[in-house]
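Asks: structure-v6.cif is reproduced below (mmCIF, C-alpha atoms and all ligand atoms).
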data_my_file
loop_
_atom_site.label_atom_id
_atom_site.label_comp_id
_atom_site.auth_asym_id
_atom_site.auth_seq_id
_atom_site.Cartn_x
_atom_site.Cartn_y
_atom_site.Cartn_z
CA MET A 28 166.21 6.86 127.01
CA LYS A 29 167.89 9.87 125.49
CA LEU A 30 165.51 12.32 123.84
CA MET A 31 165.91 15.51 121.90
CA VAL A 32 163.40 18.25 121.21
CA VAL A 33 164.00 20.62 118.32
CA GLY A 34 162.82 24.15 119.15
CA GLY A 35 163.26 26.62 121.94
CA GLY A 36 160.05 28.34 123.00
CA GLY A 37 157.22 27.93 125.49
CA ARG A 38 155.65 25.14 123.45
CA GLU A 39 158.90 23.18 123.59
CA HIS A 40 159.21 23.78 127.33
CA ALA A 41 155.71 22.33 127.77
CA ILE A 42 156.57 19.29 125.63
CA ILE A 43 159.84 18.73 127.53
CA LYS A 44 158.18 18.94 130.95
CA LYS A 45 155.56 16.44 129.89
CA LEU A 46 158.08 14.03 128.36
CA LYS A 47 160.09 14.16 131.59
CA GLU A 48 157.20 12.57 133.47
CA ASN A 49 158.17 9.22 131.94
CA PRO A 50 160.68 7.54 134.31
CA ALA A 51 162.51 5.89 131.38
CA VAL A 52 163.74 9.32 130.22
CA GLU A 53 167.35 9.91 131.30
CA VAL A 54 168.06 13.18 129.51
CA ILE A 55 166.37 15.59 127.13
CA TYR A 56 168.41 17.84 124.86
CA ALA A 57 166.80 21.00 123.50
CA LEU A 58 167.93 22.41 120.12
CA PRO A 59 168.40 25.26 120.82
CA GLY A 60 166.27 25.50 124.00
CA ASN A 61 166.51 28.68 126.05
CA GLY A 62 168.07 29.62 129.39
CA GLY A 63 164.71 29.57 131.14
CA MET A 64 164.24 25.84 130.60
CA ALA A 65 167.76 24.84 131.62
CA ASP A 66 166.49 23.00 134.73
CA ASP A 67 164.41 20.70 132.54
CA ALA A 68 166.62 20.11 129.49
CA VAL A 69 170.20 20.39 128.32
CA CYS A 70 170.07 23.46 126.08
CA THR A 71 172.45 22.99 123.17
CA GLY A 72 172.09 26.29 121.34
CA ILE A 73 171.90 24.38 118.02
CA GLY A 74 169.62 26.30 115.65
CA ALA A 75 166.23 24.71 114.95
CA LYS A 76 166.66 25.28 111.19
CA ASP A 77 170.15 23.80 110.95
CA ILE A 78 169.20 20.34 109.68
CA ALA A 79 172.81 19.17 109.23
CA ALA A 80 173.71 20.15 112.80
CA ILE A 81 170.51 18.54 114.14
CA THR A 82 171.24 15.17 112.53
CA ALA A 83 174.93 15.32 113.50
CA PHE A 84 173.96 15.99 117.12
CA ALA A 85 171.43 13.16 117.13
CA LYS A 86 174.00 10.71 115.81
CA GLU A 87 176.83 11.77 118.13
CA ASN A 88 174.61 11.56 121.18
CA ALA A 89 172.88 8.29 120.23
CA ILE A 90 169.42 9.82 120.54
CA ASP A 91 166.65 7.24 120.95
CA PHE A 92 163.75 9.46 119.96
CA ALA A 93 163.46 12.99 118.58
CA VAL A 94 160.59 15.46 118.60
CA VAL A 95 160.62 18.20 115.97
CA ALA A 96 158.26 20.91 117.20
CA PRO A 97 158.50 24.10 115.03
CA ASP A 98 157.18 24.50 111.48
CA ASP A 99 160.45 25.58 109.82
CA PRO A 100 162.52 22.43 110.44
CA LEU A 101 159.51 20.24 109.60
CA VAL A 102 159.01 22.01 106.27
CA LEU A 103 162.78 21.79 105.66
CA GLY A 104 162.72 18.01 106.16
CA ALA A 105 164.20 17.52 109.64
CA VAL A 106 162.15 14.35 110.23
CA ASP A 107 163.13 12.90 106.83
CA ALA A 108 166.80 13.57 107.63
CA LEU A 109 166.58 11.98 111.10
CA GLU A 110 164.77 8.92 109.78
CA GLU A 111 167.40 8.52 107.07
CA ILE A 112 170.06 8.03 109.73
CA GLY A 113 167.83 5.64 111.66
CA ILE A 114 166.58 7.95 114.41
CA PRO A 115 162.83 7.73 115.00
CA ALA A 116 161.20 11.14 115.16
CA PHE A 117 157.82 12.67 115.97
CA GLY A 118 156.57 15.03 113.29
CA PRO A 119 155.51 14.93 109.63
CA ARG A 120 157.93 14.47 106.78
CA ALA A 121 158.46 17.46 104.50
CA ASN A 122 156.01 16.18 101.89
CA ALA A 123 153.24 16.29 104.54
CA ALA A 124 154.43 19.42 106.40
CA ILE A 125 153.54 21.30 103.21
CA ILE A 126 149.98 21.35 104.57
CA GLU A 127 151.23 24.31 106.64
CA GLY A 128 154.18 25.29 104.46
CA SER A 129 151.99 26.33 101.53
CA LYS A 130 148.56 27.91 101.89
CA VAL A 131 147.98 27.33 98.18
CA PHE A 132 148.61 23.60 98.71
CA SER A 133 146.24 23.40 101.68
CA LYS A 134 143.47 25.40 99.98
CA ASN A 135 143.71 23.26 96.84
CA LEU A 136 143.66 20.09 98.96
CA MET A 137 140.47 21.21 100.70
CA LYS A 138 138.84 22.13 97.40
CA LYS A 139 139.77 18.79 95.79
CA TYR A 140 138.47 16.69 98.70
CA GLY A 141 135.43 18.81 99.66
CA ILE A 142 136.73 19.86 103.07
CA PRO A 143 134.84 22.98 104.23
CA THR A 144 136.89 26.19 104.12
CA ALA A 145 136.54 29.80 102.98
CA SER A 146 136.18 30.15 99.20
CA TYR A 147 139.29 31.62 97.59
CA GLU A 148 141.34 32.58 94.56
CA VAL A 149 145.12 32.21 94.10
CA PHE A 150 147.29 34.83 92.35
CA ASP A 151 150.94 34.92 91.37
CA ASN A 152 150.45 38.08 89.32
CA MET A 153 149.85 41.34 91.16
CA GLU A 154 147.89 43.08 88.38
CA LYS A 155 145.46 40.16 88.23
CA ALA A 156 145.06 40.19 92.02
CA LEU A 157 144.33 43.93 91.97
CA ALA A 158 141.84 43.52 89.12
CA TYR A 159 140.04 40.77 91.06
CA LEU A 160 139.80 43.05 94.09
CA GLU A 161 137.94 45.72 92.02
CA THR A 162 134.76 43.66 92.45
CA ALA A 163 135.56 41.12 95.20
CA PRO A 164 133.27 41.02 98.27
CA ILE A 165 134.59 43.18 101.14
CA PRO A 166 135.81 42.58 103.87
CA THR A 167 138.29 40.10 102.43
CA VAL A 168 141.33 38.22 103.65
CA ILE A 169 144.77 38.28 101.99
CA LYS A 170 147.26 35.53 102.84
CA ALA A 171 150.88 35.11 101.80
CA ASP A 172 151.44 31.59 100.45
CA GLY A 173 154.46 30.55 102.54
CA LEU A 174 155.47 30.59 106.20
CA ALA A 175 155.50 34.09 107.70
CA LEU A 176 155.78 33.57 111.46
CA GLY A 177 152.00 33.56 111.78
CA LYS A 178 151.89 37.12 110.48
CA GLY A 179 151.17 36.56 106.79
CA VAL A 180 147.43 37.23 107.04
CA ILE A 181 145.80 40.62 106.48
CA ILE A 182 142.08 41.18 107.03
CA ALA A 183 141.04 44.08 104.81
CA GLN A 184 137.93 46.02 105.80
CA THR A 185 137.96 48.17 102.66
CA ARG A 186 138.90 47.74 98.99
CA GLU A 187 141.79 50.19 99.50
CA GLU A 188 143.19 48.17 102.38
CA ALA A 189 142.91 44.96 100.37
CA MET A 190 144.82 46.47 97.44
CA ASP A 191 147.47 47.88 99.78
CA ALA A 192 147.86 44.45 101.35
CA VAL A 193 148.40 42.82 97.96
CA ARG A 194 150.94 45.47 96.96
CA SER A 195 152.82 45.17 100.24
CA MET A 196 153.06 41.38 99.90
CA MET A 197 153.67 41.05 96.16
CA GLU A 198 155.60 44.25 95.38
CA ASP A 199 157.22 45.40 98.65
CA LYS A 200 157.70 41.78 99.79
CA ILE A 201 157.00 42.53 103.46
CA PHE A 202 156.87 38.78 104.09
CA GLY A 203 159.77 38.02 101.75
CA ALA A 204 159.40 35.23 99.20
CA SER A 205 156.30 33.98 101.08
CA GLY A 206 154.34 36.73 99.37
CA SER A 207 155.20 35.87 95.76
CA ARG A 208 151.88 34.05 95.63
CA VAL A 209 148.82 35.16 97.57
CA VAL A 210 145.49 33.62 98.46
CA ILE A 211 142.54 36.00 98.55
CA GLU A 212 139.69 34.46 100.50
CA GLU A 213 136.18 34.92 101.76
CA PHE A 214 135.89 36.67 105.14
CA LEU A 215 134.24 34.34 107.66
CA THR A 216 132.81 35.05 111.09
CA GLY A 217 132.27 33.02 114.23
CA PRO A 218 134.16 31.77 117.26
CA GLU A 219 137.56 30.21 116.62
CA VAL A 220 138.66 26.85 117.99
CA SER A 221 142.09 25.25 117.90
CA VAL A 222 142.06 21.46 117.78
CA LEU A 223 145.44 19.75 117.95
CA SER A 224 145.40 16.06 117.06
CA PHE A 225 147.72 13.09 117.07
CA THR A 226 147.66 11.14 113.83
CA ASP A 227 149.73 8.28 112.46
CA GLY A 228 147.98 8.33 109.10
CA ASN A 229 145.66 5.48 110.17
CA VAL A 230 143.68 7.10 112.97
CA VAL A 231 143.25 10.68 114.16
CA VAL A 232 142.96 11.39 117.88
CA PRO A 233 141.88 14.94 118.69
CA MET A 234 143.30 16.46 121.85
CA ILE A 235 141.28 18.65 124.18
CA SER A 236 140.09 21.79 122.34
CA SER A 237 141.49 25.24 123.07
CA MET A 238 141.10 28.93 122.25
CA ASP A 239 143.96 31.24 121.31
CA HIS A 240 143.94 35.03 121.76
CA LYS A 241 145.92 36.33 118.80
CA ARG A 242 145.75 40.11 119.04
CA ALA A 243 148.28 42.00 121.16
CA GLY A 244 145.80 44.11 123.14
CA ASP A 245 142.83 43.61 125.45
CA ASN A 246 139.44 43.07 123.78
CA ASP A 247 141.12 41.88 120.58
CA THR A 248 142.72 45.21 119.71
CA GLY A 249 146.18 45.81 118.26
CA LEU A 250 148.27 43.72 115.92
CA ASN A 251 148.15 39.98 115.35
CA THR A 252 150.77 38.09 117.36
CA GLY A 253 151.86 34.47 117.68
CA GLY A 254 149.28 34.22 120.48
CA MET A 255 148.92 36.11 123.78
CA GLY A 256 147.16 33.44 125.80
CA THR A 257 145.01 30.33 125.65
CA ILE A 258 142.33 28.44 127.52
CA ALA A 259 141.20 24.82 127.34
CA PRO A 260 138.70 23.34 126.83
CA ASN A 261 137.00 25.70 124.37
CA PRO A 262 133.32 26.03 125.41
CA TYR A 263 132.16 26.55 121.80
CA TYR A 264 133.49 23.12 120.89
CA THR A 265 130.55 20.99 122.01
CA GLU A 266 130.25 17.24 121.50
CA ASP A 267 128.02 17.81 118.46
CA VAL A 268 130.53 20.18 116.90
CA ALA A 269 133.33 17.71 117.65
CA LYS A 270 131.48 14.93 115.85
CA LEU A 271 130.76 17.15 112.86
CA CYS A 272 134.44 18.15 112.70
CA MET A 273 135.58 14.53 112.87
CA ASP A 274 133.28 13.51 110.00
CA THR A 275 133.65 16.53 107.72
CA ILE A 276 137.17 17.77 108.47
CA PHE A 277 139.54 15.57 110.49
CA LEU A 278 139.05 12.18 108.81
CA PRO A 279 138.67 13.64 105.31
CA THR A 280 141.96 15.52 105.80
CA ILE A 281 143.88 12.42 106.90
CA ASN A 282 142.39 10.44 104.02
CA ALA A 283 143.16 13.23 101.56
CA MET A 284 146.81 13.33 102.61
CA ASN A 285 147.04 9.53 102.26
CA ALA A 286 145.42 9.70 98.82
CA GLU A 287 147.99 12.30 97.77
CA GLY A 288 150.83 10.01 98.90
CA ARG A 289 151.63 12.46 101.69
CA THR A 290 150.72 10.49 104.82
CA PHE A 291 150.77 12.84 107.79
CA LYS A 292 152.29 11.54 111.04
CA GLY A 293 152.66 13.81 114.02
CA CYS A 294 150.55 16.60 115.44
CA LEU A 295 148.10 18.04 112.95
CA TYR A 296 146.58 21.31 114.14
CA PHE A 297 143.16 22.34 112.87
CA GLY A 298 142.47 26.07 113.16
CA LEU A 299 138.68 26.19 112.86
CA MET A 300 136.01 28.85 112.69
CA LEU A 301 132.50 27.89 113.76
CA THR A 302 130.54 29.89 111.20
CA PRO A 303 126.74 30.11 111.00
CA LYS A 304 127.03 27.63 108.10
CA GLY A 305 129.10 25.13 110.10
CA PRO A 306 132.77 24.56 110.97
CA ARG A 307 135.31 25.78 108.42
CA VAL A 308 139.08 25.27 108.30
CA ILE A 309 140.92 28.58 108.68
CA GLU A 310 144.35 27.01 108.67
CA TYR A 311 146.26 23.80 109.17
CA ASN A 312 149.49 23.71 111.12
CA CYS A 313 151.85 20.76 110.83
CA ARG A 314 152.80 20.93 114.52
CA PHE A 315 151.70 21.72 118.05
CA GLY A 316 150.34 25.27 118.46
CA ASP A 317 152.06 27.84 120.60
CA PRO A 318 150.57 28.74 123.13
CA GLU A 319 147.85 26.07 122.72
CA THR A 320 150.28 23.34 123.80
CA GLN A 321 150.81 25.15 127.10
CA VAL A 322 147.15 24.49 128.09
CA VAL A 323 146.60 21.19 126.26
CA LEU A 324 149.53 19.11 127.55
CA PRO A 325 149.01 19.87 131.25
CA LEU A 326 145.57 18.24 130.83
CA LEU A 327 146.94 15.11 129.12
CA GLU A 328 146.77 12.13 131.48
CA THR A 329 148.38 9.56 129.17
CA ASP A 330 152.17 9.36 128.98
CA LEU A 331 153.23 11.72 126.16
CA LEU A 332 156.29 9.73 125.10
CA THR A 333 154.18 6.60 124.63
CA VAL A 334 151.68 8.51 122.46
CA MET A 335 154.42 10.16 120.42
CA MET A 336 156.25 6.90 119.77
CA ALA A 337 153.02 5.17 118.75
CA THR A 338 152.26 8.09 116.42
CA ALA A 339 155.67 7.79 114.79
CA ASN A 340 155.54 4.02 114.33
CA GLY A 341 151.93 3.76 113.16
CA THR A 342 150.38 2.05 116.22
CA LEU A 343 148.42 4.98 117.63
CA SER A 344 145.16 2.97 117.61
CA GLU A 345 146.63 0.76 120.35
CA VAL A 346 147.16 3.64 122.81
CA PRO A 347 144.17 5.10 124.66
CA VAL A 348 144.74 8.87 124.87
CA LYS A 349 143.06 10.44 127.90
CA PHE A 350 142.56 14.04 128.99
CA SER A 351 141.44 15.21 132.42
CA ASN A 352 138.11 16.97 133.01
CA LYS A 353 139.85 20.03 134.37
CA ALA A 354 140.44 23.39 132.68
CA ALA A 355 143.63 25.33 132.00
CA CYS A 356 144.59 28.93 131.27
CA CYS A 357 147.88 30.33 129.94
CA VAL A 358 148.69 34.05 130.11
CA ILE A 359 151.60 35.07 127.90
CA VAL A 360 153.92 37.73 129.26
CA ALA A 361 155.60 39.48 126.32
CA SER A 362 158.25 42.18 126.02
CA LYS A 363 156.78 45.70 125.83
CA GLY A 364 156.44 46.66 122.17
CA TYR A 365 155.89 43.06 120.91
CA PRO A 366 155.08 42.15 118.12
CA VAL A 367 156.82 45.15 116.53
CA LYS A 368 159.89 46.42 118.34
CA TYR A 369 161.06 45.38 121.76
CA GLU A 370 164.14 45.11 123.94
CA SER A 371 165.77 41.90 125.04
CA GLY A 372 168.19 41.40 127.93
CA CYS A 373 165.81 42.82 130.56
CA PRO A 374 166.02 41.32 134.04
CA MET A 375 163.27 39.18 135.51
CA THR A 376 162.65 37.02 138.54
CA LEU A 377 160.23 34.14 138.32
CA PRO A 378 158.10 32.93 141.21
CA ALA A 379 158.31 29.24 142.21
CA ASP A 380 155.51 26.82 141.32
CA ASP A 381 152.64 26.93 143.80
CA GLU A 382 148.91 26.20 144.03
CA ASN A 383 148.20 28.99 141.55
CA GLY A 384 150.35 27.54 138.81
CA PHE A 385 153.70 27.36 137.06
CA ILE A 386 155.67 28.95 134.23
CA TYR A 387 156.86 27.78 130.85
CA VAL A 388 159.69 29.97 129.61
CA ALA A 389 159.49 31.01 125.94
CA GLY A 390 162.40 33.42 125.60
CA ALA A 391 165.11 33.90 128.23
CA LYS A 392 168.83 33.78 128.74
CA LYS A 393 170.85 32.86 131.83
CA THR A 394 173.44 35.45 132.80
CA GLU A 395 175.72 36.01 135.81
CA ASN A 396 173.09 38.38 137.15
CA GLY A 397 170.22 36.00 136.72
CA LEU A 398 167.61 35.38 134.07
CA VAL A 399 167.03 38.04 131.37
CA SER A 400 164.46 38.21 128.59
CA ALA A 401 165.32 37.10 125.05
CA GLY A 402 162.61 37.66 122.48
CA GLY A 403 159.05 38.86 122.08
CA ARG A 404 157.04 36.25 123.92
CA VAL A 405 158.91 35.60 127.16
CA LEU A 406 156.76 33.59 129.59
CA GLY A 407 153.61 31.49 129.66
CA VAL A 408 152.00 31.50 133.08
CA VAL A 409 149.75 28.45 133.41
CA SER A 410 147.10 27.31 135.86
CA VAL A 411 145.06 24.13 135.94
CA ALA A 412 141.87 23.99 138.03
CA ASP A 413 138.51 22.26 138.26
CA THR A 414 136.73 25.05 136.39
CA LEU A 415 137.79 27.53 133.74
CA GLN A 416 136.85 30.41 136.02
CA GLU A 417 139.22 29.18 138.72
CA ALA A 418 142.00 28.49 136.21
CA VAL A 419 141.76 32.01 134.79
CA LYS A 420 141.73 33.59 138.24
CA ALA A 421 144.72 31.57 139.42
CA ALA A 422 146.72 32.23 136.24
CA TYR A 423 146.29 35.98 136.74
CA ALA A 424 147.14 35.75 140.45
CA LYS A 425 150.32 33.94 139.46
CA THR A 426 151.11 36.43 136.66
CA GLU A 427 150.98 39.29 139.14
CA THR A 428 153.83 37.70 141.10
CA VAL A 429 156.18 37.75 138.09
CA ASP A 430 158.87 40.40 138.50
CA PHE A 431 159.59 41.60 134.93
CA ALA A 432 159.45 45.39 134.48
CA ASN A 433 159.71 45.24 130.69
CA GLY A 434 156.81 42.80 130.37
CA PHE A 435 153.13 43.21 129.47
CA TYR A 436 150.19 40.87 129.18
CA ARG A 437 146.54 40.89 128.18
CA HIS A 438 144.02 41.13 130.98
CA ASP A 439 141.15 39.34 129.25
CA ILE A 440 142.45 35.86 128.44
CA GLY A 441 139.49 33.54 128.90
CA ALA A 442 136.91 36.35 129.13
CA ARG A 443 135.13 35.39 125.92
CA ALA A 444 135.09 31.71 126.88
CA LEU A 445 133.71 32.49 130.34
CA ALA A 446 130.98 34.68 128.82
CA ALA A 447 130.07 31.79 126.49
CA LEU A 448 129.73 29.42 129.44
CA LYS A 449 127.11 31.67 131.08
P1 LIG A 501 146.15 32.42 110.37
O1 LIG A 501 147.54 32.98 110.42
O2 LIG A 501 145.82 31.72 109.09
O3 LIG A 501 145.81 31.66 111.62
O4 LIG A 501 145.17 33.67 110.43
C1 LIG A 501 145.26 34.54 111.51
C2 LIG A 501 143.90 34.94 111.95
O5 LIG A 501 143.24 35.65 110.90
C3 LIG A 501 142.97 33.78 112.26
O6 LIG A 501 143.14 33.29 113.56
C4 LIG A 501 141.62 34.43 112.08
O7 LIG A 501 141.27 35.17 113.22
C5 LIG A 501 141.86 35.39 110.96
N1 LIG A 501 141.41 34.82 109.67
C6 LIG A 501 142.12 34.04 108.85
N2 LIG A 501 141.38 33.69 107.77
C7 LIG A 501 140.17 34.26 107.93
C8 LIG A 501 138.96 34.28 107.17
N3 LIG A 501 138.84 33.64 106.00
N4 LIG A 501 137.91 34.98 107.66
C9 LIG A 501 138.01 35.65 108.83
N5 LIG A 501 139.12 35.68 109.59
C10 LIG A 501 140.19 34.99 109.16
N1 LIG A 502 148.82 29.78 118.21
C1 LIG A 502 148.78 29.61 116.83
C2 LIG A 502 149.87 28.86 116.23
O1 LIG A 502 150.62 28.17 116.88
O2 LIG A 502 150.03 28.96 115.02
#
Just give me the structure of the file as structure tokens.

Replies:
Amino acid sequence: MKLMVVGGGGREHAIIKKLKENPAVEVIYALPGNGGMADDAVCTGIGAKDIAAITAFAKENAIDFAVVAPDDPLVLGAVDALEEIGIPAFGPRANAAIIEGSKVFSKNLMKKYGIPTASYEVFDNMEKALAYLETAPIPTVIKADGLALGKGVIIAQTREEAMDAVRSMMEDKIFGASGSRVVIEEFLTGPEVSVLSFTDGNVVVPMISSMDHKRAGDNDTGLNTGGMGTIAPNPYYTEDVAKLCMDTIFLPTINAMNAEGRTFKGCLYFGLMLTPKGPRVIEYNCRFGDPETQVVLPLLETDLLTVMMATANGTLSEVPVKFSNKAACCVIVASKGYPVKYESGCPMTLPADDENGFIYVAGAKKTENGLVSAGGRVLGVVSVADTLQEAVKAAYAKTETVDFANGFYRHDIGARALAALK
């Protein structure tokens, strides 16, 4: 079989490596891919947002099955376009990807169907938003409506900060058109859990739970990033919590999307907060998380291609999806200065796979002089072990053997989870 994976980061590298385990796979093309994954996929350089080029490539190369991984092409209708030319694809159509593409849509969906989330107000007029903030409970959370590379959320600790956030989104447009509408929501507290799930619109199959570490610095200091590391499973996500989430969040969401005529097929990501009042949805993503995928897929024991094809053709209930009882840790190595300003093109040498772990490459380029960095998040160093403690220790041992002078990483990935286990 000939496969293609749209996207080019660490998440895509993890998906590609897992798909390759199926002996029926002859070749995997990555669009665009990156130089660091060139041993695992043919990297085409085709932009992940260029829908016309994606469909043209799929047709010319007689692709048997496509996986669209990032949010942008999903929201732009890449799966619709591929299906129109007869190429089966994993991922939601645009009318379902809106669950991530618009925060206003997802908040209104949750309100309409009674799915637990932070209470909120929506504003498309700045003066009204500012007037609301005069008396709103503080701290509060301001979110740009549209996609903003995971950065469109500002947690305001004071009324001043909240008003500045609204002005910067609605007047200064720091997140572009995404900020024309904002959601102002209740500030919640509690441990966060990421639950990725497979769903074909009939059944929903949660994957093993995970925990992201979003801030750039140790002990959750510094700016929000796309994610600086992950562990799985998440110790806060007990069997009781899982059952509660299935009954009050996962199934109601699938049913709600069906009722709206927006059947969701693909990977639906539930970003949850376990508050003192119960689990609440913080966000939905219409795709695999990055870097959650880097710890979830190494623990998947079932063949990924089989699960993805069943998800796309509506027969997911016929495929038993199994995860191992082990634990995994991923430490992201990013370019110094990420997420603000950083250099690319810096040399690095990667260690070979060994008993400590292996590396998914998120941003790199092949040059005559070897591999160089390309982007903010550069590597995901992953270990799988019998216990979380061993996985964390091995991932850090492996990270220390990476030769990348312009890189930095957090030193406390997994620390909160390990403390919770004690
Ligand atoms: P998001 O981009 O929606 O994932 O939000 C980024 C991060 O902001 C989340 O992972 C949470 O840590 C935090 N956050 C978002 N919404 C809330 C909320 N209502 N209360 C507290 N923290 C939040
Ligand atoms: N790691 C969070 C995300 O993929 O949005």

Asks: For range 50-59 of chain A, work out the shell of residues within 10 Å, counting only C-alpha atoms and skipping chain neighbours fewer than 3 positions away, then give it as a PyMOL selection string.

Replies: chain A and resi 28-36+39-40+43-44+46-47+62+64-65+67-77+80-81+84-85+88+90-95+332

Asks: Please, which residues in chain A fall within 9 Å of ligand LIG 502 (chain A) when counting only C-alpha atoms and all ligand atoms, and what is the closest atom pair and distance in Å to one decimal for each, ordered by chain then residue number, as JSON lines?

Replies:
{"residue": "A:Arg38", "atom": "CA", "partner": "A:LIG502", "partner_atom": "O1", "distance": 8.8}
{"residue": "A:Leu176", "atom": "CA", "partner": "A:LIG502", "partner_atom": "O2", "distance": 8.2}
{"residue": "A:Gly177", "atom": "CA", "partner": "A:LIG502", "partner_atom": "O2", "distance": 6.0}
{"residue": "A:Ser221", "atom": "CA", "partner": "A:LIG502", "partner_atom": "C1", "distance": 8.1}
{"residue": "A:Met238", "atom": "CA", "partner": "A:LIG502", "partner_atom": "N1", "distance": 8.8}
{"residue": "A:Asp239", "atom": "CA", "partner": "A:LIG502", "partner_atom": "N1", "distance": 5.9}
{"residue": "A:His240", "atom": "CA", "partner": "A:LIG502", "partner_atom": "N1", "distance": 8.0}
{"residue": "A:Lys241", "atom": "CA", "partner": "A:LIG502", "partner_atom": "N1", "distance": 7.2}
{"residue": "A:Thr252", "atom": "CA", "partner": "A:LIG502", "partner_atom": "N1", "distance": 8.6}
{"residue": "A:Gly253", "atom": "CA", "partner": "A:LIG502", "partner_atom": "N1", "distance": 5.6}
{"residue": "A:Gly254", "atom": "CA", "partner": "A:LIG502", "partner_atom": "N1", "distance": 5.0}
{"residue": "A:Met255", "atom": "CA", "partner": "A:LIG502", "partner_atom": "N1", "distance": 8.4}
{"residue": "A:Gly256", "atom": "CA", "partner": "A:LIG502", "partner_atom": "N1", "distance": 8.6}
{"residue": "A:Thr257", "atom": "CA", "partner": "A:LIG502", "partner_atom": "N1", "distance": 8.4}
{"residue": "A:Tyr296", "atom": "CA", "partner": "A:LIG502", "partner_atom": "O1", "distance": 8.4}
{"residue": "A:Gly298", "atom": "CA", "partner": "A:LIG502", "partner_atom": "C1", "distance": 8.1}
{"residue": "A:Glu310", "atom": "CA", "partner": "A:LIG502", "partner_atom": "O2", "distance": 8.7}
{"residue": "A:Tyr311", "atom": "CA", "partner": "A:LIG502", "partner_atom": "O2", "distance": 8.7}
{"residue": "A:Asn312", "atom": "CA", "partner": "A:LIG502", "partner_atom": "O2", "distance": 6.6}
{"residue": "A:Arg314", "atom": "CA", "partner": "A:LIG502", "partner_atom": "O1", "distance": 7.9}
{"residue": "A:Phe315", "atom": "CA", "partner": "A:LIG502", "partner_atom": "O1", "distance": 6.6}
{"residue": "A:Gly316", "atom": "CA", "partner": "A:LIG502", "partner_atom": "O1", "distance": 3.3}
{"residue": "A:Asp317", "atom": "CA", "partner": "A:LIG502", "partner_atom": "O1", "distance": 4.0}
{"residue": "A:Pro318", "atom": "CA", "partner": "A:LIG502", "partner_atom": "N1", "distance": 5.3}
{"residue": "A:Glu319", "atom": "CA", "partner": "A:LIG502", "partner_atom": "N1", "distance": 5.9}
{"residue": "A:Thr320", "atom": "CA", "partner": "A:LIG502", "partner_atom": "O1", "distance": 8.4}

Asks: Residues of chain A that have any atom at most 8 Å from an atom of ligand LIG 501 (chain A): could you tabulate them with the shortest-distance atom pair and the distance in Å to one decimal, using only C-alpha atoms and all ligand atoms, ordered by chain and increasing number, as JSON lines?

Replies:
{"residue": "A:Thr144", "atom": "CA", "partner": "A:LIG501", "partner_atom": "N3", "distance": 7.9}
{"residue": "A:Ala145", "atom": "CA", "partner": "A:LIG501", "partner_atom": "N3", "distance": 5.4}
{"residue": "A:Thr167", "atom": "CA", "partner": "A:LIG501", "partner_atom": "N4", "distance": 7.3}
{"residue": "A:Val168", "atom": "CA", "partner": "A:LIG501", "partner_atom": "N3", "distance": 5.7}
{"residue": "A:Lys170", "atom": "CA", "partner": "A:LIG501", "partner_atom": "O2", "distance": 7.5}
{"residue": "A:Gly177", "atom": "CA", "partner": "A:LIG501", "partner_atom": "O1", "distance": 4.7}
{"residue": "A:Lys178", "atom": "CA", "partner": "A:LIG501", "partner_atom": "O1", "distance": 6.0}
{"residue": "A:Gly179", "atom": "CA", "partner": "A:LIG501", "partner_atom": "O1", "distance": 6.3}
{"residue": "A:Val180", "atom": "CA", "partner": "A:LIG501", "partner_atom": "O4", "distance": 5.4}
{"residue": "A:Ile181", "atom": "CA", "partner": "A:LIG501", "partner_atom": "O5", "distance": 7.1}
{"residue": "A:Ile182", "atom": "CA", "partner": "A:LIG501", "partner_atom": "N5", "distance": 6.8}
{"residue": "A:Glu212", "atom": "CA", "partner": "A:LIG501", "partner_atom": "N3", "distance": 5.6}
{"residue": "A:Glu213", "atom": "CA", "partner": "A:LIG501", "partner_atom": "N3", "distance": 5.2}
{"residue": "A:Phe214", "atom": "CA", "partner": "A:LIG501", "partner_atom": "N4", "distance": 3.6}
{"residue": "A:Leu215", "atom": "CA", "partner": "A:LIG501", "partner_atom": "N4", "distance": 3.7}
{"residue": "A:Thr216", "atom": "CA", "partner": "A:LIG501", "partner_atom": "C9", "distance": 5.7}
{"residue": "A:Glu219", "atom": "CA", "partner": "A:LIG501", "partner_atom": "O7", "distance": 7.1}
{"residue": "A:Lys241", "atom": "CA", "partner": "A:LIG501", "partner_atom": "O6", "distance": 6.7}
{"residue": "A:Asn251", "atom": "CA", "partner": "A:LIG501", "partner_atom": "C1", "distance": 7.3}
{"residue": "A:Gly298", "atom": "CA", "partner": "A:LIG501", "partner_atom": "O3", "distance": 6.7}
{"residue": "A:Met300", "atom": "CA", "partner": "A:LIG501", "partner_atom": "C4", "distance": 7.9}
{"residue": "A:Ile309", "atom": "CA", "partner": "A:LIG501", "partner_atom": "N2", "distance": 5.2}
{"residue": "A:Glu310", "atom": "CA", "partner": "A:LIG501", "partner_atom": "O2", "distance": 5.0}
{"residue": "A:Tyr311", "atom": "CA", "partner": "A:LIG501", "partner_atom": "O2", "distance": 7.9}

Asks: What lies within 12 Å of Val334 in chain A using only C-alpha atoms, ignoring chain neighbours under 2 positions off, as a VMD selection string?

Replies: chain A and resid 45 to 46 49 94 117 224 to 227 232 234 292 to 294 324 327 to 332 336 to 349

Asks: Leaving out Phe385 in chain A and any residue of its chain fewer than 5 positions from it, which residues lie within 10 Å of it when counting all atoms listed in the file, given as a PyMOL selection string?

Replies: chain A and resi 357+377-380+407-411+422+425-426
